[in-house]
Structures are given as C-alpha cells and as structure tokens.
$ cat upload-v8.cif   # mmCIF, C-alpha atoms
data_model
loop_
_atom_site.label_atom_id
_atom_site.label_comp_id
_atom_site.auth_asym_id
_atom_site.auth_seq_id
_atom_site.Cartn_x
_atom_site.Cartn_y
_atom_site.Cartn_z
CA MET I 271 -11.24 4.62 0.28
CA PHE I 272 -11.23 0.88 1.12
CA ARG I 273 -14.95 0.20 0.90
CA HIS I 274 -15.56 0.40 -2.84
CA GLN I 275 -14.11 -2.18 -5.18
CA GLY I 276 -13.65 -2.57 -8.94
CA LYS I 277 -15.62 -0.46 -11.42
CA SER I 278 -17.55 1.35 -8.69
CA ARG I 279 -14.35 3.14 -7.62
CA THR I 280 -13.79 6.73 -8.67
CA LEU I 281 -10.51 8.39 -9.63
CA LYS I 282 -10.58 10.31 -6.35
CA GLN I 283 -10.83 7.09 -4.33
CA ASN I 284 -7.98 5.52 -6.29
CA LEU I 285 -5.85 8.63 -5.79
CA ARG I 286 -6.42 8.47 -2.03
CA ILE I 287 -5.54 4.82 -1.62
CA ALA I 288 -2.62 5.10 -4.04
CA SER I 289 -1.21 8.05 -2.09
CA VAL I 290 -1.51 6.33 1.30
CA LEU I 291 -0.20 2.92 0.32
CA SER I 292 2.65 4.15 -1.89
CA PHE I 293 3.69 6.47 0.96
CA VAL I 294 3.78 3.50 3.34
CA ALA I 295 5.68 1.44 0.76
CA GLY I 296 8.27 4.22 0.50
CA ILE I 297 8.72 4.17 4.27
CA VAL I 298 9.11 0.38 4.33
CA ASN I 299 11.53 0.41 1.41
CA VAL I 300 13.95 2.94 2.87
CA THR I 301 13.72 1.47 6.39
CA GLY I 302 14.50 -2.01 5.12
CA PHE I 303 17.37 -0.76 2.99
CA LEU I 304 18.95 1.37 5.73
CA SER I 305 18.58 -1.45 8.27
CA PHE I 306 19.65 -4.45 6.21
CA ASN I 307 20.92 -3.08 2.88
CA GLN I 308 18.17 -4.95 1.04
CA LEU I 309 15.17 -3.77 -0.97
CA THR I 310 11.95 -4.83 0.72
CA THR I 311 9.12 -3.67 -1.57
CA ASN I 312 9.78 -5.63 -4.78
CA VAL I 313 11.51 -8.76 -6.02
CA THR I 314 13.02 -7.69 -9.36
CA GLY I 315 16.49 -7.08 -7.96
CA HIS I 316 16.36 -10.21 -5.82
CA PHE I 317 15.50 -12.30 -8.86
CA ALA I 318 18.54 -10.92 -10.71
CA LEU I 319 20.79 -11.70 -7.74
CA PHE I 320 19.32 -15.19 -7.49
CA ILE I 321 20.07 -15.89 -11.16
CA ASN I 322 23.59 -14.48 -10.73
CA ASP I 323 24.35 -16.78 -7.80
CA VAL I 324 22.94 -19.80 -9.60
CA ALA I 325 25.01 -18.97 -12.69
CA HIS I 326 28.12 -18.98 -10.49
CA PHE I 327 27.06 -22.25 -8.83
CA ASP I 328 26.68 -20.49 -5.49
CA PHE I 329 23.39 -22.28 -4.82
CA TRP I 330 23.31 -21.83 -1.03
CA ARG I 331 23.75 -18.07 -1.27
CA GLY I 332 21.15 -17.89 -4.02
CA THR I 333 18.62 -19.72 -1.86
CA ILE I 334 18.03 -16.66 0.31
CA TYR I 335 17.07 -14.55 -2.73
CA PHE I 336 14.70 -17.29 -3.84
CA LEU I 337 13.19 -17.16 -0.35
CA TYR I 338 12.69 -13.39 -0.66
CA ILE I 339 10.80 -13.94 -3.92
CA PHE I 340 8.78 -16.80 -2.45
CA VAL I 341 7.57 -14.94 0.67
CA PHE I 342 6.45 -11.98 -1.48
CA LEU I 343 4.43 -14.48 -3.53
CA ILE I 344 2.98 -16.08 -0.39
CA GLY I 345 1.99 -12.67 0.97
CA SER I 346 0.18 -11.89 -2.26
CA PHE I 347 -1.52 -15.28 -2.26
CA ILE I 348 -2.71 -15.08 1.35
CA SER I 349 -4.03 -11.54 0.88
CA SER I 350 -6.01 -12.51 -2.23
CA PHE I 351 -7.24 -15.73 -0.60
CA LEU I 352 -8.57 -13.85 2.44
CA ILE I 353 -10.29 -11.27 0.24
CA GLU I 354 -12.03 -13.98 -1.79
CA GLN I 355 -13.04 -15.77 1.41
CA PHE I 356 -14.48 -12.58 2.87
CA ASN I 357 -16.35 -11.93 -0.39
CA ARG I 358 -18.00 -15.33 -0.04
CA SER I 359 -19.03 -14.48 3.50
CA LYS I 360 -20.51 -11.16 2.32
CA LYS I 361 -18.45 -9.11 4.76
CA LEU I 362 -18.76 -5.35 4.42
CA ASN I 363 -15.04 -4.57 4.24
CA VAL I 364 -13.05 -7.45 2.83
CA PHE I 365 -9.76 -5.55 3.07
CA VAL I 366 -9.68 -5.22 6.86
CA LEU I 367 -7.84 -8.45 7.61
CA PRO I 368 -5.04 -8.09 5.00
CA THR I 369 -4.44 -4.51 6.16
CA ILE I 370 -4.33 -5.58 9.81
CA ILE I 371 -1.83 -8.32 8.93
CA GLU I 372 0.44 -5.75 7.31
CA CYS I 373 0.07 -3.40 10.29
CA LEU I 374 0.95 -6.19 12.75
CA ILE I 375 4.13 -7.01 10.84
CA LEU I 376 5.18 -3.34 10.74
CA VAL I 377 4.59 -3.04 14.49
CA LEU I 378 5.99 -6.39 15.67
CA ILE I 379 9.34 -6.02 13.89
CA PRO I 380 10.44 -2.93 15.89
CA VAL I 381 8.92 -4.37 19.08
CA PHE I 382 10.97 -7.55 18.78
CA SER I 383 14.06 -5.52 17.89
CA HIS I 384 13.77 -3.82 21.30
CA LEU I 385 13.22 -7.09 23.16
CA SER I 386 16.24 -8.87 21.71
CA GLU I 387 19.06 -8.42 19.24
CA ILE I 388 18.21 -9.28 15.64
CA LYS I 389 20.32 -12.36 14.95
CA TYR I 390 18.63 -13.34 11.70
CA PRO I 391 18.08 -10.20 9.61
CA ASP I 392 17.01 -12.31 6.64
CA LEU I 393 13.86 -13.27 8.55
CA VAL I 394 13.02 -9.59 9.06
CA ILE I 395 13.57 -8.91 5.36
CA CYS I 396 11.27 -11.84 4.57
CA ALA I 397 8.62 -10.41 6.90
CA LEU I 398 8.76 -7.01 5.19
CA LEU I 399 8.58 -8.59 1.74
CA PHE I 400 5.62 -10.66 2.91
CA ALA I 401 3.88 -7.47 4.12
CA MET I 402 4.51 -5.74 0.79
CA GLY I 403 3.17 -8.79 -1.05
CA VAL I 404 0.02 -8.52 1.05
CA GLN I 405 -0.30 -4.80 0.31
CA ASN I 406 0.35 -5.07 -3.42
CA SER I 407 -2.22 -7.84 -3.70
CA PHE I 408 -5.08 -6.12 -1.92
CA VAL I 409 -4.54 -2.76 -3.61
CA THR I 410 -4.52 -4.57 -6.96
CA LYS I 411 -7.76 -6.33 -6.04
CA ILE I 412 -9.48 -3.24 -4.70
CA SER I 413 -8.68 -1.17 -7.80
CA SER I 414 -9.05 -3.92 -10.42
CA ALA I 415 -5.32 -3.74 -11.21
CA VAL I 416 -5.41 0.04 -11.75
CA VAL I 417 -3.22 0.79 -8.71
CA ARG I 418 0.06 -0.87 -7.75
CA THR I 419 2.14 0.72 -5.03
CA THR I 420 5.26 -1.27 -4.17
CA HIS I 421 7.42 -0.99 -7.30
CA LEU I 422 7.99 1.74 -9.85
CA THR I 423 9.36 0.03 -12.98
CA GLY I 424 5.94 -0.72 -14.46
CA LEU I 425 4.64 2.69 -13.41
CA PHE I 426 7.37 4.57 -15.27
CA THR I 427 6.85 2.32 -18.30
CA ASP I 428 3.09 2.97 -18.36
CA LEU I 429 3.62 6.68 -17.74
CA GLY I 430 6.01 6.90 -20.70
CA ILE I 431 3.54 5.07 -22.96
CA GLU I 432 0.63 7.29 -21.93
CA LEU I 433 2.73 10.42 -22.33
CA SER I 434 3.54 9.42 -25.91
CA GLN I 435 -0.16 8.79 -26.62
CA LEU I 436 -0.95 12.45 -25.95
CA PHE I 437 1.01 13.31 -29.10
CA PHE I 438 -1.35 11.22 -31.26
CA PRO I 439 -4.89 12.58 -30.58
CA LYS I 440 -6.36 10.89 -33.65
CA SER I 441 -5.29 7.41 -32.53
CA TYR I 442 -6.06 8.12 -28.85
CA PRO I 443 -9.01 10.57 -28.73
CA ASN I 444 -9.90 9.85 -25.09
CA ARG I 445 -7.34 12.29 -23.70
CA GLY I 446 -9.28 12.79 -20.48
CA LYS I 447 -8.91 9.15 -19.49
CA ILE I 448 -5.22 9.11 -20.42
CA LYS I 449 -4.57 12.22 -18.29
CA SER I 450 -6.46 10.66 -15.37
CA THR I 451 -4.34 7.51 -15.41
CA MET I 452 -1.19 9.61 -15.78
CA LYS I 453 -2.25 11.66 -12.77
CA LEU I 454 -2.72 8.46 -10.77
CA ARG I 455 0.75 7.19 -11.66
CA VAL I 456 2.35 10.55 -10.83
CA TYR I 457 0.64 10.43 -7.43
CA ILE I 458 1.98 6.93 -6.72
CA ILE I 459 5.53 7.84 -7.77
CA SER I 460 5.47 11.12 -5.83
CA PHE I 461 4.14 9.63 -2.61
CA PHE I 462 6.51 6.67 -2.81
CA PHE I 463 9.35 9.19 -3.10
CA LEU I 464 7.90 11.32 -0.28
CA GLY I 465 7.49 8.24 1.95
CA GLY I 466 11.12 7.35 1.29
CA LEU I 467 12.27 10.88 2.19
CA ILE I 468 10.27 11.03 5.41
CA GLY I 469 11.18 7.46 6.30
CA GLY I 470 14.86 8.24 5.78
CA TYR I 471 14.57 11.39 7.90
CA LEU I 472 12.83 9.54 10.75
CA TYR I 473 15.29 6.64 10.54
CA SER I 474 18.51 8.64 10.39
CA ARG I 475 17.99 12.17 11.64
CA MET I 476 15.41 11.34 14.30
CA GLU I 477 17.26 8.08 15.05
CA LEU I 478 14.07 6.02 15.17
CA GLY I 479 15.63 3.06 13.38
CA LEU I 480 13.15 0.23 12.86
CA ASP I 481 10.58 2.18 14.88
CA THR I 482 10.01 4.11 11.64
CA LEU I 483 7.85 1.17 10.55
CA ILE I 484 5.36 1.97 13.32
CA PHE I 485 4.73 5.33 11.65
CA GLY I 486 3.71 3.45 8.50
CA ALA I 487 1.41 1.16 10.52
CA VAL I 488 -0.33 4.16 12.12
CA ILE I 489 -1.04 5.64 8.69
CA LEU I 490 -2.51 2.32 7.54
CA VAL I 491 -4.79 2.00 10.55
CA PHE I 492 -6.06 5.56 10.16
CA SER I 493 -6.72 5.12 6.44
CA LEU I 494 -8.48 1.80 7.05
CA PHE I 495 -11.07 3.40 9.31
CA TYR I 496 -11.16 6.74 7.48
CA ASP I 497 -14.30 5.88 5.53
CA GLY I 498 -16.17 4.79 8.65
CA LEU I 499 -15.18 7.93 10.56
CA LYS I 500 -16.09 10.15 7.63
CA TYR I 501 -19.49 8.45 7.31
CA LYS I 502 -20.21 8.93 11.03
CA VAL I 503 -19.28 12.62 10.86
CA ILE I 504 -21.53 13.19 7.84
CA ARG I 505 -24.39 11.23 9.43
CA ASN I 506 -24.15 13.14 12.72
CA ARG I 507 -24.00 16.44 10.84
CA ARG I 508 -27.15 15.56 8.88
CA LYS I 509 -28.96 14.51 12.06
CA TYR I 510 -27.99 17.79 13.70
CA GLN I 511 -29.22 19.78 10.70
CA GLN I 512 -32.49 17.82 10.61
CA ARG I 513 -33.09 18.45 14.32
CA LYS I 514 -32.28 22.11 13.88
CA THR I 515 -34.64 22.39 10.89
CA ALA I 516 -37.40 20.59 12.82
CA GLN I 517 -36.89 22.88 15.81
CA LEU I 518 -37.09 26.02 13.65
CA SER I 519 -40.24 24.71 11.94
CA SER I 520 -41.82 23.99 15.33
CA GLU I 521 -40.98 27.48 16.58
CA ALA I 522 -42.43 29.02 13.40
CA VAL I 523 -45.72 27.13 13.90
CA HIS I 524 -46.05 28.31 17.48
#
$ encode --input "upload-v8.cif" --output "structure tokens"
Amino acid sequence: MFRHQGKSRTLKQNLRIASVLSFVAGIVNVTGFLSFNQLTTNVTGHFALFINDVAHFDFWRGTIYFLYIFVFLIGSFISSFLIEQFNRSKKLNVFVLPTIIECLILVLIPVFSHLSEIKYPDLVICALLFAMGVQNSFVTKISSAVVRTTHLTGLFTDLGIELSQLFFPKSYPNRGKIKSTMKLRVYIISFFFLGGLIGGYLYSRMELGLDTLIFGAVILVFSLFYDGLKYKVIRNRRKYQQRKTAQLSSEAVH
C-alpha cells in the first residue's frame, strides 16, 4: 500500500492506507488528549487559541500554541523533503524513512516516560504534532492529495459537497467516481473514530497510558512492510505451483 504513488494508485490501495493511518491518528489524538488535554493531530484549534491569547496581549502564553503550529509545519516539511530526496536517488520505497521517523517518536515518548517523570509536557505535545505533520505530509504525497488522515474538518466538508452532488446527476454524471471518493472519506472518518475508541480503551481501561502509542507504532511498522511480505508470499506460492506442475509433467512423461 506504500509502494505505488500518484495516478498509479488504485482505490483499494488508497482505502488500505487511509484506514491504517487514520486509525493510528485516532490513537495518537486520544492518547495526547487524555495525557495532556491537548489535541495532537491538527493545528486548527491551536491557531484559534493562539489568536485569542494574542488578542488579550498574553503573548507568552500564546507562544506555545504558535510552537505547536510550527512543529506540525516542520514535520510536514521534513517528510516532504525526504520523499523528494529519495525520489532523486531512485529509491524503491521513498516513504520508509518518514514512516520510521513517526514510529520512533511514538515509541520513544512512552519509553522516556518510564525512565523519568515528564517535566515538560509541551515538548511531548510538540513531538506528537511533529509526527502527525510527518504522517499527513507523506500520505498526501503518496495519494496525490486524495487522502488526508489527521483532521476531519475538510473531510466532512468534502463529504457534504459530494453527497449533494448525487442529487444533481445531470451536472455530475460521473456518479461512480463521486461514490468512490465518498467511500474513501467514510473509511477515513470511521477508522479515525475506531482508533480513538480503541486508543481510549487501551489508555484508560487497560491502563496503558502513553504506552498506547506503541500500539500505533506497531501497526505502522506492519503496514510499511505489508507489501513486501505479500509479494514474497505470492512469489513463493507461484514457485511452489511451478515446481509442482513441472513435477507432474515429468511424472506424466515417464
């Protein structure tokens, strides 16, 4: 699901990557909120709080919200920069490094929380926002801006527009394409919601706390190497069938 990029991607591939990454984003969002009472997958709310603090001349307090916005931007920039650099080098899978960076952040945060008390929660929030900036950037690049997985405002807007278009078949005759994009958005919203539910359950009921992020990292690692594993299984199956066919042909000759 990570190997193909741009127009060569199918709806099925986009549905897979959208499901996985929106699920992880849901886990990160609820874990960040339950741990630090801050949203960690988008910057819309932080921008509003930043403007509010500036309007009340509380510049120092507003600085932290500006920092949240900035690290999300930096995460997006670094992810895109690495992808372009890998494209120049003609690497087979240009999305490996950004995904590994996100995985490392999701693993290191709970590890450090066990080693010492978190004295600066704002730094952890910044790290999670950076990771989500990385994720949103590479999924946007891989799908040519078809898939976005870390915030839902635009998704609900697009879904509402596309739903209205179904009522005007003469103006929008390509109903199949509209339904496909609607299906993709419903998948993203559903898996973001499901990730939030499971993340909340693991965090609160199972008392995993920040260790919930490791669950998200494991899903990312598995999905990253899913294509390679699937290819090896198919290749080995074909080799086995070819050997079996050759053996039966040889036995028939003799």
$ closest_residue --input "upload-v8.cif" --among "I:Gln435, I:Asn284, I:Ser289, I:Ser305" --to "I:Leu478" --atoms "all atoms listed in the file"
I:Ser305
$ closest_residue --input "upload-v8.cif" --among "I:Tyr510, I:Tyr473, I:Phe327, I:Phe462" --to "I:Phe303" --atoms "only C-alpha atoms"
I:Tyr473
$ closest_residue --input "upload-v8.cif" --among "I:Leu490, I:Leu337, I:Leu398, I:Ile297" --to "I:Ile468" --atoms "only C-alpha atoms"
I:Ile297
$ closest_atom_pairs --input "upload-v8.cif" --of "stretch 454-510 of chain I" --to "stretch 383-393 of chain I" --cutoff "12 Å" --atoms "only C-alpha atoms" --output "tab-separated table"
residue	atom	partner	partner_atom	distance
I:Leu478	CA	I:His384	CA	11.6
I:Gly479	CA	I:Ser383	CA	9.8
I:Leu480	CA	I:Ser383	CA	7.7
I:Asp481	CA	I:Ser383	CA	9.0
I:Leu483	CA	I:Ser383	CA	11.7
$ atom_distance --input "upload-v8.cif" --atom1 "atom CA of I:Ala401" --atom2 "atom CA of I:Leu319"
21.1 Å
$ resolve_selection --input "upload-v8.cif" --expression "the PyMOL selection byres ((chain I and resi 457) around 12)" --output "ChimeraX atom specification"
/I:281-282,284-293,417-419,422,425-426,429,450-456,458-465
$ write_last_selection --input "upload-v8.cif" --atoms "C-alpha atoms" --output "CSV table (one decimal), keeping the file's coordinate frame"
chain,number,residue,atom,x,y,z
I,281,LEU,CA,-10.5,8.4,-9.6
I,282,LYS,CA,-10.6,10.3,-6.4
I,284,ASN,CA,-8.0,5.5,-6.3
I,285,LEU,CA,-5.8,8.6,-5.8
I,286,ARG,CA,-6.4,8.5,-2.0
I,287,ILE,CA,-5.5,4.8,-1.6
I,288,ALA,CA,-2.6,5.1,-4.0
I,289,SER,CA,-1.2,8.0,-2.1
I,290,VAL,CA,-1.5,6.3,1.3
I,291,LEU,CA,-0.2,2.9,0.3
I,292,SER,CA,2.6,4.2,-1.9
I,293,PHE,CA,3.7,6.5,1.0
I,417,VAL,CA,-3.2,0.8,-8.7
I,418,ARG,CA,0.1,-0.9,-7.8
I,419,THR,CA,2.1,0.7,-5.0
I,422,LEU,CA,8.0,1.7,-9.8
I,425,LEU,CA,4.6,2.7,-13.4
I,426,PHE,CA,7.4,4.6,-15.3
I,429,LEU,CA,3.6,6.7,-17.7
I,450,SER,CA,-6.5,10.7,-15.4
I,451,THR,CA,-4.3,7.5,-15.4
I,452,MET,CA,-1.2,9.6,-15.8
I,453,LYS,CA,-2.2,11.7,-12.8
I,454,LEU,CA,-2.7,8.5,-10.8
I,455,ARG,CA,0.8,7.2,-11.7
I,456,VAL,CA,2.4,10.6,-10.8
I,458,ILE,CA,2.0,6.9,-6.7
I,459,ILE,CA,5.5,7.8,-7.8
I,460,SER,CA,5.5,11.1,-5.8
I,461,PHE,CA,4.1,9.6,-2.6
I,462,PHE,CA,6.5,6.7,-2.8
I,463,PHE,CA,9.4,9.2,-3.1
I,464,LEU,CA,7.9,11.3,-0.3
I,465,GLY,CA,7.5,8.2,2.0
$ closest_residue --input "upload-v8.cif" --among "I:Leu436, I:Leu399, I:Val404, I:Ser493" --to "I:Gly302" --atoms "all atoms listed in the file"
I:Leu399
$ resolve_selection --input "upload-v8.cif" --expression "the PyMOL selection byres ((chain I and resi 339-351) around 9)" --output "number ranges by chain"
I: 311-314, 316-317, 334-338, 352-356, 365, 367-369, 371, 396-408, 411
$ write_last_selection --input "upload-v8.cif" --atoms "C-alpha atoms" --output "tab-separated table (two decimals), keeping the file's coordinate frame"
chain	number	residue	atom	x	y	z
I	311	THR	CA	9.12	-3.67	-1.57
I	312	ASN	CA	9.78	-5.63	-4.78
I	313	VAL	CA	11.51	-8.76	-6.02
I	314	THR	CA	13.02	-7.69	-9.36
I	316	HIS	CA	16.36	-10.21	-5.82
I	317	PHE	CA	15.50	-12.30	-8.86
I	334	ILE	CA	18.03	-16.66	0.31
I	335	TYR	CA	17.07	-14.55	-2.73
I	336	PHE	CA	14.70	-17.29	-3.84
I	337	LEU	CA	13.19	-17.16	-0.35
I	338	TYR	CA	12.69	-13.39	-0.66
I	352	LEU	CA	-8.57	-13.85	2.44
I	353	ILE	CA	-10.29	-11.27	0.24
I	354	GLU	CA	-12.03	-13.98	-1.79
I	355	GLN	CA	-13.04	-15.77	1.41
I	356	PHE	CA	-14.48	-12.58	2.87
I	365	PHE	CA	-9.76	-5.55	3.07
I	367	LEU	CA	-7.84	-8.45	7.61
I	368	PRO	CA	-5.04	-8.09	5.00
I	369	THR	CA	-4.44	-4.51	6.16
I	371	ILE	CA	-1.83	-8.32	8.93
I	396	CYS	CA	11.27	-11.84	4.57
I	397	ALA	CA	8.62	-10.41	6.90
I	398	LEU	CA	8.76	-7.01	5.19
I	399	LEU	CA	8.58	-8.59	1.74
I	400	PHE	CA	5.62	-10.66	2.91
I	401	ALA	CA	3.88	-7.47	4.12
I	402	MET	CA	4.51	-5.74	0.79
I	403	GLY	CA	3.17	-8.79	-1.05
I	404	VAL	CA	0.02	-8.52	1.05
I	405	GLN	CA	-0.30	-4.80	0.31
I	406	ASN	CA	0.35	-5.07	-3.42
I	407	SER	CA	-2.22	-7.84	-3.70
I	408	PHE	CA	-5.08	-6.12	-1.92
I	411	LYS	CA	-7.76	-6.33	-6.04
$ build_atoms --input "upload-v8.cif" --residues "stretch 466-477 of chain I" --atoms "all heavy atoms" --output "PDB file, in the coordinates of the input"
ATOM      1  N   GLY I 466       9.712   7.673   1.129  1.00  0.00           N
ATOM      2  CA  GLY I 466      11.120   7.350   1.290  1.00  0.00           C
ATOM      3  C   GLY I 466      11.891   8.477   1.970  1.00  0.00           C
ATOM      4  O   GLY I 466      12.725   8.237   2.845  1.00  0.00           O
ATOM      5  N   LEU I 467      11.597   9.724   1.582  1.00  0.00           N
ATOM      6  CA  LEU I 467      12.270  10.880   2.190  1.00  0.00           C
ATOM      7  C   LEU I 467      11.959  10.990   3.681  1.00  0.00           C
ATOM      8  O   LEU I 467      12.860  11.138   4.516  1.00  0.00           O
ATOM      9  CB  LEU I 467      11.846  12.162   1.485  1.00  0.00           C
ATOM     10  CG  LEU I 467      12.504  12.490   0.138  1.00  0.00           C
ATOM     11  CD1 LEU I 467      11.923  13.772  -0.425  1.00  0.00           C
ATOM     12  CD2 LEU I 467      14.016  12.618   0.302  1.00  0.00           C
ATOM     13  N   ILE I 468      10.671  10.902   4.010  1.00  0.00           N
ATOM     14  CA  ILE I 468      10.270  11.030   5.410  1.00  0.00           C
ATOM     15  C   ILE I 468      10.760   9.831   6.217  1.00  0.00           C
ATOM     16  O   ILE I 468      11.222   9.973   7.361  1.00  0.00           O
ATOM     17  CB  ILE I 468       8.744  11.186   5.520  1.00  0.00           C
ATOM     18  CG1 ILE I 468       8.322  12.533   4.917  1.00  0.00           C
ATOM     19  CG2 ILE I 468       8.274  11.074   6.966  1.00  0.00           C
ATOM     20  CD1 ILE I 468       6.847  12.791   4.925  1.00  0.00           C
ATOM     21  N   GLY I 469      10.673   8.643   5.616  1.00  0.00           N
ATOM     22  CA  GLY I 469      11.180   7.460   6.300  1.00  0.00           C
ATOM     23  C   GLY I 469      12.669   7.564   6.576  1.00  0.00           C
ATOM     24  O   GLY I 469      13.136   7.222   7.664  1.00  0.00           O
ATOM     25  N   GLY I 470      13.429   8.059   5.593  1.00  0.00           N
ATOM     26  CA  GLY I 470      14.860   8.240   5.780  1.00  0.00           C
ATOM     27  C   GLY I 470      15.173   9.271   6.860  1.00  0.00           C
ATOM     28  O   GLY I 470      16.103   9.101   7.657  1.00  0.00           O
ATOM     29  N   TYR I 471      14.370  10.347   6.881  1.00  0.00           N
ATOM     30  CA  TYR I 471      14.570  11.390   7.900  1.00  0.00           C
ATOM     31  C   TYR I 471      14.295  10.835   9.293  1.00  0.00           C
ATOM     32  O   TYR I 471      15.079  11.053  10.226  1.00  0.00           O
ATOM     33  CB  TYR I 471      13.642  12.568   7.607  1.00  0.00           C
ATOM     34  CG  TYR I 471      13.733  13.672   8.636  1.00  0.00           C
ATOM     35  CD1 TYR I 471      14.761  14.603   8.588  1.00  0.00           C
ATOM     36  CD2 TYR I 471      12.786  13.778   9.651  1.00  0.00           C
ATOM     37  CE1 TYR I 471      14.852  15.615   9.536  1.00  0.00           C
ATOM     38  CE2 TYR I 471      12.864  14.781  10.601  1.00  0.00           C
ATOM     39  CZ  TYR I 471      13.904  15.704  10.540  1.00  0.00           C
ATOM     40  OH  TYR I 471      13.988  16.700  11.487  1.00  0.00           O
ATOM     41  N   LEU I 472      13.177  10.108   9.439  1.00  0.00           N
ATOM     42  CA  LEU I 472      12.830   9.540  10.750  1.00  0.00           C
ATOM     43  C   LEU I 472      13.857   8.495  11.177  1.00  0.00           C
ATOM     44  O   LEU I 472      14.227   8.421  12.352  1.00  0.00           O
ATOM     45  CB  LEU I 472      11.436   8.899  10.691  1.00  0.00           C
ATOM     46  CG  LEU I 472      10.264   9.847  10.473  1.00  0.00           C
ATOM     47  CD1 LEU I 472       8.971   9.068  10.300  1.00  0.00           C
ATOM     48  CD2 LEU I 472      10.126  10.825  11.639  1.00  0.00           C
ATOM     49  N   TYR I 473      14.330   7.705  10.224  1.00  0.00           N
ATOM     50  CA  TYR I 473      15.290   6.640  10.540  1.00  0.00           C
ATOM     51  C   TYR I 473      16.641   7.199  10.961  1.00  0.00           C
ATOM     52  O   TYR I 473      17.216   6.771  11.974  1.00  0.00           O
ATOM     53  CB  TYR I 473      15.456   5.724   9.329  1.00  0.00           C
ATOM     54  CG  TYR I 473      16.300   4.505   9.597  1.00  0.00           C
ATOM     55  CD1 TYR I 473      15.710   3.276   9.876  1.00  0.00           C
ATOM     56  CD2 TYR I 473      17.693   4.563   9.567  1.00  0.00           C
ATOM     57  CE1 TYR I 473      16.480   2.148  10.119  1.00  0.00           C
ATOM     58  CE2 TYR I 473      18.470   3.445   9.814  1.00  0.00           C
ATOM     59  CZ  TYR I 473      17.854   2.237  10.087  1.00  0.00           C
ATOM     60  OH  TYR I 473      18.632   1.130  10.337  1.00  0.00           O
ATOM     61  N   SER I 474      17.142   8.163  10.177  1.00  0.00           N
ATOM     62  CA  SER I 474      18.510   8.640  10.390  1.00  0.00           C
ATOM     63  C   SER I 474      18.592   9.868  11.288  1.00  0.00           C
ATOM     64  O   SER I 474      19.273   9.859  12.315  1.00  0.00           O
ATOM     65  CB  SER I 474      19.167   8.948   9.040  1.00  0.00           C
ATOM     66  OG  SER I 474      19.182   7.804   8.220  1.00  0.00           O
ATOM     67  N   ARG I 475      17.869  10.912  10.900  1.00  0.00           N
ATOM     68  CA  ARG I 475      17.990  12.170  11.640  1.00  0.00           C
ATOM     69  C   ARG I 475      17.295  12.113  12.991  1.00  0.00           C
ATOM     70  O   ARG I 475      17.793  12.661  13.985  1.00  0.00           O
ATOM     71  CB  ARG I 475      17.426  13.326  10.799  1.00  0.00           C
ATOM     72  CG  ARG I 475      18.158  13.564   9.494  1.00  0.00           C
ATOM     73  CD  ARG I 475      19.621  13.946   9.718  1.00  0.00           C
ATOM     74  NE  ARG I 475      19.742  15.203  10.440  1.00  0.00           N
ATOM     75  CZ  ARG I 475      19.786  16.383   9.848  1.00  0.00           C
ATOM     76  NH1 ARG I 475      19.731  16.461   8.517  1.00  0.00           N
ATOM     77  NH2 ARG I 475      19.891  17.483  10.552  1.00  0.00           N
ATOM     78  N   MET I 476      16.122  11.477  13.030  1.00  0.00           N
ATOM     79  CA  MET I 476      15.410  11.340  14.300  1.00  0.00           C
ATOM     80  C   MET I 476      15.838  10.103  15.078  1.00  0.00           C
ATOM     81  O   MET I 476      15.404   9.890  16.208  1.00  0.00           O
ATOM     82  CB  MET I 476      13.895  11.268  14.037  1.00  0.00           C
ATOM     83  CG  MET I 476      13.319  12.492  13.344  1.00  0.00           C
ATOM     84  SD  MET I 476      13.467  13.995  14.326  1.00  0.00           S
ATOM     85  CE  MET I 476      12.301  13.635  15.645  1.00  0.00           C
ATOM     86  N   GLU I 477      16.680   9.283  14.435  1.00  0.00           N
ATOM     87  CA  GLU I 477      17.260   8.080  15.050  1.00  0.00           C
ATOM     88  C   GLU I 477      16.196   7.112  15.567  1.00  0.00           C
ATOM     89  O   GLU I 477      16.345   6.497  16.622  1.00  0.00           O
ATOM     90  CB  GLU I 477      18.216   8.469  16.184  1.00  0.00           C
ATOM     91  CG  GLU I 477      19.401   9.301  15.697  1.00  0.00           C
ATOM     92  CD  GLU I 477      20.376   9.637  16.813  1.00  0.00           C
ATOM     93  OE1 GLU I 477      20.031   9.379  17.995  1.00  0.00           O
ATOM     94  OE2 GLU I 477      21.462  10.160  16.505  1.00  0.00           O
TER      95      GLU I 477
END
